[in-house]
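Enquirer: Please read through the structure below; I'll follow up with questions.
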Number of protein chains: 2
Amino acid sequence: MASKPFPVLENDLLLRAARGEEVPHTPVWMMRQAGRYLPEYHTVREGHTFFETCRSPDLVTEITIQPTRRFPIDAAIIFSDILVIPQAMGLEVQMVPGRGPVLPEPLAGPADLKRLIKTDVSESLHYVFEAITQTRHALDGRVPLIGFAGAPWTLMAYMIEGGGSKSCDKARAWLFAEPGPSQKLLDDITEMVIAYLSRQIEAGAQFIQIFDSWAGVLAPEQFARYSLPTLRRIAAALRSDYPEIPLAVFARGAHYALEDLADSAFDVVSIDWTVDPVAARRIVGDRVTLQGNLDPATLFASPDVIRRAVRSMIDAFGANRYIANLGHGMLPAHRPEHAGVFVDAVHEISSTTKAA
Amino acid sequence: MASKPFPVLENDLLLRAARGEEVPHTPVWMMRQAGRYLPEYHTVREGHTFFETCRSPDLVTEITIQPTRRFPIDAAIIFSDILVIPQAMGLEVQMVPGRGPVLPEPLAGPADLKRLIKTDVSESLHYVFEAITQTRHALDGRVPLIGFAGAPWTLMAYMIEGGGSKSCDKARAWLFAEPGPSQKLLDDITEMVIAYLSRQIEAGAQFIQIFDSWAGVLAPEQFARYSLPTLRRIAAALRSDYPEIPLAVFARGAHYALEDLADSAFDVVSIDWTVDPVAARRIVGDRVTLQGNLDPATLFASPDVIRRAVRSMIDAFGANRYIANLGHGMLPAHRPEHAGVFVDAVHEISSTTKAA
């Protein structure tokens, strides 16, 4: 897949922090750093639907690299969407401006599982792998490239809800009313995700993050029964085949799962802005690197307030085993300059802290 | 307001459990127990919009009492909506079937605060107080009547977002970009809520619950700064004026706030289904009564699974200082029979546990 050797990586802070090695300052990136808050993103998107954009390696490369031109961030994350897996399994997914993803024909019940198809991701999602290889070359070794996928429970939730949802009531109803078919669906998605992330690594991804965006609607027992085992299977499979690639998990809202996630095969556990970093560190110790968790709304405040918030955050997480990020994605209304204030503050404050 | 004396209360288990007194079995009620999952609710609603219904004391009385006819629940909760406060402050609120509440002209920025009006709730919300008095008479002392209001932060979020929202990004942006106007808005709402709940108690409400439905989108520091002080002011005001009325708070998603809420003037802290009851009890001790927290989706399972879940729940909460409930509201797709299984299971299992 990657015939030409990749450029040598110059800034490997993200990978070192993920492995728990010493770093001169805390690495930082932002979820959704490539996206709607950047005017240059809108320029590239002009005339292309969201998923057309995802299917064009040239456009994906440009969009992925855009934030690295503006900010001294320590990673790029491939521009794509977690819903390419449901698409590859045969479901239609549209991205409706102002509303988000819509699946016009969601799974209405277990009988609909037969509508799902098993595809070879090397074919059905080839465009992602091409984009990864091309982007890694284009990054020219400046920063590592992050690949990602949605967690099986989160993808199942979208496939049943037909889009975003406040508490995924229909998908949670499946877990109780249809435990067998639910497990089957989760197993099938898990296999697809393992194949998908494996091909991403082979195509050039240097760090993998799994997004369990809807973990937080599950009771602790349901998470332990239906989500955690799939996350562990994915992590174990990748760890075994690609031991050098750091693995991160972001189970948003699953404040109760930190202990279990730290005890899985992940190197990095990402936390949302509602989790207290001091409490999180107490739970996970130095078993894993923590990642997060500034409330994205903080970037609406003045630069001074942002810098104070970054200082509190770094103090709370501690200098070691830490990757700075937001506690959720950048928002379309954010000003790019304030993202810059955030990134610079992480670098400045963490290097002072390290020196002290 | 209540010229005729109210009937003597026969079943006071809810009030006793709230105060931490011994009870022969655990009292139980369900959030949204009067609502769309009941066919008789749809019959009453026919030909009336949602808010027309809320404004008719006759219809409210009938809907409030309906679940007490079907189930041996230990409380009734007045049928209404938390958004009557924004209405009383001058904002239009519609209830759009299948979509939920919509405020067509939400607050776009601090300049819009001047659109809000201060009204005497005795006039602007007289229909709620009339409905409470009428319902309390109609209940004839069988079970206590619960009154409620939305928490200031949650009402602020609706007023800015214009409806339900996954993470209330616009309202959270206000807290960072406009801290002064945000505080002013919260203060104004807090005053309205105190007046509103005071009149509810005078009209006959015997137990008060405050719903901070959007607490969970706040970082712990933002909750501590913007929501908790308003909750404490409301609780302190009611406690001082009506010391005999138990006060409950449900800060959904605020898993980090249990300690602070237990240290406020509330008798009861309600928890959602993502909070582990054992961990919650460890934090609050016996300072407050805990209320909750069965995952509402559990009611989609078989009666046997529901009973097993109730047993685990009661074991986890413990027999004392406990009021059984769901961890969120009943859902329109629930079968009434399964709510009955839940209520019966709480009574049976808790009386056996108590006897043991």
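We label chains A, B, ... in the order they appear in the structure tokens, count residues from 1 in each chain, and number ligands from 1 in the order shown.
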List as CSV every residue of chain B that is in contact with chain A, defined as an atom at most 6 Å from one of its atoms (using only C-alpha atoms), together with the nearest atom pair and the distance in Å rounded to one decimal, sorted by chain and then rising number.
Expert:
residue,atom,partner,partner_atom,distance
B:Lys166,CA,A:Lys166,CA,5.4
B:Arg172,CA,A:Ala297,CA,5.9
B:Ala173,CA,A:Ala297,CA,5.1
B:Phe176,CA,A:Ala301,CA,4.8
B:Ala177,CA,A:Ala301,CA,4.8
B:Ala219,CA,A:Thr274,CA,4.4
B:Pro220,CA,A:Thr274,CA,5.9
B:Trp273,CA,A:Ala219,CA,5.5
B:Thr274,CA,A:Ala219,CA,4.4
B:Ala297,CA,A:Ala173,CA,5.1
B:Thr298,CA,A:Phe176,CA,5.9
B:Phe300,CA,A:Ala177,CA,5.3
B:Ala301,CA,A:Ala177,CA,4.8
Enquirer: Could you please write out, as a PyMOL selection string, every residue of stretch 122-271 of chain B that DSSP assigns to helix (DSSP H, G or I)?
Expert: chain B and resi 122-124+126-139+152-161+169-177+179-203+215-217+220-241+255-262
Enquirer: Do a neighbour search on A:Asp12 at 12 Å with only C-alpha atoms, toss out local chain neighbours closer than 4 positions, and write the hits as a list of chain:residue names.
Expert: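 Answer for this query is A:Val8, A:Arg16, A:Ala17, A:Ala18, A:Arg19, A:Glu21, A:Glu22, A:Val23, A:Pro24, A:His25, A:Thr26, A:Pro27, A:Val28, A:Ile73, A:Asp74, A:Ala75, A:Ala76, A:Gly141, A:Arg142, A:Val143, A:Pro144, A:Leu145, A:Gln206, A:Phe207, A:Pro246.
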Enquirer: I want to know what sits within 8 Å of A:Ile78, based on only C-alpha atoms, with residues of the same chain fewer than 2 positions away left out; could you give that as a short mmCIF file (atom, residue, chain, number, x, y, z; two decimals) with N, CA and C atoms, in the first residue's frame?
Expert:
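Ended up saving to part_22.cif:
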data_model
loop_
_atom_site.label_atom_id
_atom_site.label_comp_id
_atom_site.auth_asym_id
_atom_site.auth_seq_id
_atom_site.Cartn_x
_atom_site.Cartn_y
_atom_site.Cartn_z
N VAL A 60 -9.08 15.41 1.41
CA VAL A 60 -8.83 14.98 2.79
C VAL A 60 -7.43 15.38 3.22
N THR A 61 -6.47 15.22 2.35
CA THR A 61 -5.09 15.59 2.68
C THR A 61 -5.01 17.08 3.00
N THR A 64 -6.87 17.88 6.32
CA THR A 64 -6.16 17.32 7.48
C THR A 64 -4.96 18.19 7.85
N ALA A 76 -1.66 15.49 13.58
CA ALA A 76 -2.75 15.69 12.63
C ALA A 76 -3.68 14.49 12.77
N SER A 80 -12.22 12.55 8.37
CA SER A 80 -13.14 11.51 7.93
C SER A 80 -14.31 11.53 8.89
N ALA A 131 -6.14 8.14 1.41
CA ALA A 131 -5.99 9.47 2.00
C ALA A 131 -4.96 9.46 3.11
N ILE A 132 -4.93 8.40 3.89
CA ILE A 132 -3.96 8.32 4.99
C ILE A 132 -2.54 8.28 4.43
N THR A 135 -1.69 11.67 2.95
CA THR A 135 -1.54 12.71 3.97
C THR A 135 -0.23 12.52 4.74
N LEU A 145 0.42 11.19 12.31
CA LEU A 145 -0.93 11.19 11.77
C LEU A 145 -1.79 10.20 12.58
N ILE A 146 -2.91 10.71 13.08
CA ILE A 146 -3.82 9.90 13.89
C ILE A 146 -4.91 9.31 12.98
N GLY A 147 -5.16 8.02 13.14
CA GLY A 147 -6.31 7.37 12.49
C GLY A 147 -7.37 7.11 13.54
N PHE A 148 -8.60 6.88 13.12
CA PHE A 148 -9.65 6.67 14.12
C PHE A 148 -10.81 5.86 13.58
#
Enquirer: When you look at B:Pro332 with a cut-off of 9 Å (counting only C-alpha atoms), what residues show up, excluding the ones that are within fewer than 4 positions of it in the same chain? I need them as a CSV table (one decimal) with C-alpha atoms, in the first residue's frame.
Expert:
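For reference, part37.csv as written:
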chain,number,residue,atom,x,y,z
B,35,GLY,CA,-47.7,10.9,30.1
B,36,ARG,CA,-47.5,9.5,26.7
B,37,TYR,CA,-47.0,5.8,27.5
B,38,LEU,CA,-50.6,5.7,28.9
Enquirer: Quick one: residues within 6 Å of A:Tyr322, only C-alpha atoms counted, chain neighbours fewer than 6 positions away excluded, as a ChimeraX atom specification?
Expert: /A:289-291
Enquirer: Stretch 108-116 of chain B: which residues within 12 Å, counting only C-alpha atoms, same-chain residues fewer than 4 positions away excluded, as a PyMOL selection string?
Expert: chain B and resi 85-92+103-104+156-162+170-171+173-175+177-186+188-189+192
Enquirer: Which residues in stretch 132-266 of chain A does DSSP call strand (DSSP E or B)? List them as a list in words.
Expert: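 Taking stretch 132-266 of chain A and keeping strand (DSSP E or B) gives Leu145, Ile146, Gly147, Phe148, Ala149, Gly150, Gly163, Phe207, Ile208, Gln209, Ile210, Phe211, Asp212, Leu247, Ala248, Val249, Phe250 and Ala251 of chain A.
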Enquirer: Would you mind telling me which residue in A:Val121, A:Thr230, A:Glu62, A:Gly98 lies nearest to A:Val84 when using only C-alpha atoms?
Expert: A:Val121
Enquirer: What does the structure give for the distance between atom CA of B:Arg136 and atom CA of B:Gly204, in Å to one decimal?
Expert: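 One can read the atom CA of B:Arg136 to atom CA of B:Gly204 distance as 6.4 Å.
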